[in-house]
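S.K.: A single structure is presented below for examination.
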Amino acid sequence: MHTLLRSLLFILLLFFPVLLNSEESPGLVVSYFEIDLKKHNPAVHANLRLASEKLNKIKIPAKSQFSFNKTVGSASLENGYHPATVYSGENVISEPGGGICIAATLVYNTLLLSGFTIKERYKHSRPVSYVPPGLDATISYGLRDMRMINPYNRDFVIEMKVENERLIGILYSDFPLSVKYLPRIEVQEDEISSVSQNSGGRSIHVYLDQIKEGETVRTKYLYTDFLNPLKKY
């Protein structure tokens, strides 16, 4: 499954600069990422539309830092966000802005596919269904942010929208990148505990491959996420 996702991402990176670039676009498409929203309820869709309005057409200047929380602000009732489900430790609860982490995850992957440097990123307390393990990003306004550094001497512009039950992120620049970037995960199954009888957790090792002319020319280790074991009841 993850191999298929990787292949699809590579195809998108190759062909979307041709398919999406137009006189009305803010430049060449350098990365594209989308998340299927069909399984999410109307409140989550509404919250993601609000977040998209804040993120759409945002410029990330050369050598600058992008902050999700600074850009989007607080996902509060006062700011028009709806209550929806979120993870709170091992529990699932409802609070204003539920689902906004999907937007943070989308921006995170869109920038990662362009070789941006990770400054701050946190995983969810439980696995999410909309991206492979290790590629999610959770936020909590005032506590946890998702921040990325633009390492290039050029500006980028984010386009973000909800369309046909998909959350779509596109990153534009005036010049194409010299290489393509593809995240890669390696899953290590940890041992099962004979004491607790819980299934073992998983270590998710995340790498970023640089692709040029169809070949991997460099691999960078990014981080390791540990997913807690699933409890048996």
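Chain labels run A, B, ... following the order of the structure tokens; each chain numbers its residues from 1, and ligands are numbered from 1 in the order shown.
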Please run DSSP on the backbone and report, as JSON, numbers by chain, all residues within stretch 73-228 of chain A that come out as strand (DSSP E or B).

M.R.: {"A": [83, 84, 85, 86, 87, 88, 91, 92, 93, 94, 95, 96, 117, 118, 119, 120, 140, 144, 147, 148, 149, 156, 157, 158, 159, 160, 161, 162, 163, 166, 167, 168, 169, 170, 171, 172, 173, 180, 181, 182, 183, 184, 185, 186, 187, 188, 189, 202, 203, 204, 205, 206, 207, 208, 209, 210, 211, 212, 215, 216, 217, 218, 219, 220, 221, 222, 223, 224, 225, 226, 227]}

S.K.: Might you pull out every residue within 7 Å of stretch 114-123 of chain A, with only C-alpha atoms counted and same-chain residues fewer than 4 positions away left off, and present them as a PyMOL selection string?

M.R.: chain A and resi 30-31+110+136-138+145-151+181

S.K.: Apply DSSP to the backbone of this structure and, from chain A, keep only the residues in alpha helix (DSSP H); write these as an MDAnalysis selection string.

M.R.: chainID A and resid 2:20 42:55 68:72 100:112

S.K.: Could the residues in this selection be written to a file with C-alpha atoms, as a compact mmCIF listing (two decimals), in the first residue's frame?

M.R.:
# COMPACT_ATOMS: atom_id res chain seq x y z
CA HIS A 2 2.71 2.44 0.97
CA THR A 3 4.70 1.45 -2.15
CA LEU A 4 1.62 2.27 -4.25
CA LEU A 5 1.25 5.66 -2.53
CA ARG A 6 4.92 6.40 -3.19
CA SER A 7 4.49 5.51 -6.87
CA LEU A 8 1.38 7.68 -7.19
CA LEU A 9 3.16 10.63 -5.56
CA PHE A 10 6.04 10.28 -8.00
CA ILE A 11 3.63 10.24 -10.95
CA LEU A 12 1.83 13.32 -9.61
CA LEU A 13 5.10 15.18 -9.21
CA LEU A 14 6.07 14.37 -12.79
CA PHE A 15 2.82 15.32 -14.48
CA PHE A 16 1.05 17.97 -12.40
CA PRO A 17 3.40 20.81 -13.47
CA VAL A 18 2.02 20.24 -16.96
CA LEU A 19 -1.60 19.62 -15.94
CA LEU A 20 -2.02 22.45 -13.43
CA PRO A 42 -19.75 17.74 7.61
CA ALA A 43 -18.32 19.47 10.70
CA VAL A 44 -14.79 18.39 9.75
CA HIS A 45 -15.38 19.52 6.15
CA ALA A 46 -16.53 22.93 7.40
CA ASN A 47 -13.50 23.28 9.68
CA LEU A 48 -11.15 22.38 6.84
CA ARG A 49 -12.75 24.97 4.58
CA LEU A 50 -12.15 27.63 7.21
CA ALA A 51 -8.51 26.58 7.62
CA SER A 52 -8.06 26.47 3.84
CA GLU A 53 -9.21 30.07 3.55
CA LYS A 54 -6.43 31.09 5.93
CA LEU A 55 -3.80 29.01 4.15
CA PHE A 68 0.72 26.60 10.90
CA ASN A 69 -0.62 28.10 14.13
CA LYS A 70 0.52 31.61 13.26
CA THR A 71 -1.10 31.35 9.83
CA VAL A 72 -4.40 29.70 10.79
CA ILE A 100 -7.91 20.73 11.64
CA CYS A 101 -4.93 18.41 12.06
CA ILE A 102 -5.83 17.07 8.62
CA ALA A 103 -4.97 20.52 7.26
CA ALA A 104 -1.69 20.55 9.21
CA THR A 105 -0.87 17.11 7.82
CA LEU A 106 -1.64 18.22 4.28
CA VAL A 107 0.61 21.28 4.48
CA TYR A 108 3.32 19.22 6.16
CA ASN A 109 3.40 16.68 3.33
CA THR A 110 3.13 19.32 0.62
CA LEU A 111 6.20 21.13 1.99
CA LEU A 112 8.07 17.89 2.70

S.K.: Could you pull the residues within 10 Å of A:Lys212, counting only C-alpha atoms, minus those fewer than 5 positions along the same chain, as a list in words?

M.R.: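 Counting only C-alpha atoms, the residues come to Ser178, Val179, Lys180, Tyr181, Val217 and Arg218 of chain A.
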
S.K.: How about saving the chosen residues, N, CA and C atoms kept, as a PDB file, in the first residue's frame?

M.R.:
ATOM      1  N   SER A 178      15.526  21.174  -8.716  1.00  0.00           N
ATOM      2  CA  SER A 178      16.496  20.368  -9.464  1.00  0.00           C
ATOM      3  C   SER A 178      16.327  18.879  -9.202  1.00  0.00           C
ATOM      4  N   VAL A 179      15.699  18.531  -8.062  1.00  0.00           N
ATOM      5  CA  VAL A 179      15.426  17.130  -7.732  1.00  0.00           C
ATOM      6  C   VAL A 179      14.002  17.019  -7.196  1.00  0.00           C
ATOM      7  N   LYS A 180      13.472  15.807  -7.202  1.00  0.00           N
ATOM      8  CA  LYS A 180      12.191  15.522  -6.571  1.00  0.00           C
ATOM      9  C   LYS A 180      12.452  14.948  -5.185  1.00  0.00           C
ATOM     10  N   TYR A 181      11.517  15.193  -4.273  1.00  0.00           N
ATOM     11  CA  TYR A 181      11.637  14.667  -2.910  1.00  0.00           C
ATOM     12  C   TYR A 181      10.471  13.722  -2.629  1.00  0.00           C
ATOM     13  N   VAL A 217      19.292   9.716  -5.502  1.00  0.00           N
ATOM     14  CA  VAL A 217      20.665  10.218  -5.453  1.00  0.00           C
ATOM     15  C   VAL A 217      21.117  10.504  -4.028  1.00  0.00           C
ATOM     16  N   ARG A 218      20.144  10.635  -3.108  1.00  0.00           N
ATOM     17  CA  ARG A 218      20.500  10.895  -1.715  1.00  0.00           C
ATOM     18  C   ARG A 218      19.325  10.532  -0.819  1.00  0.00           C
TER      19      ARG A 218
END

S.K.: In Å, how far is it from atom CA of A:Leu167 to atom CA of A:Arg126?

M.R.: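 Between these atoms lies a distance of 21.2 Å.
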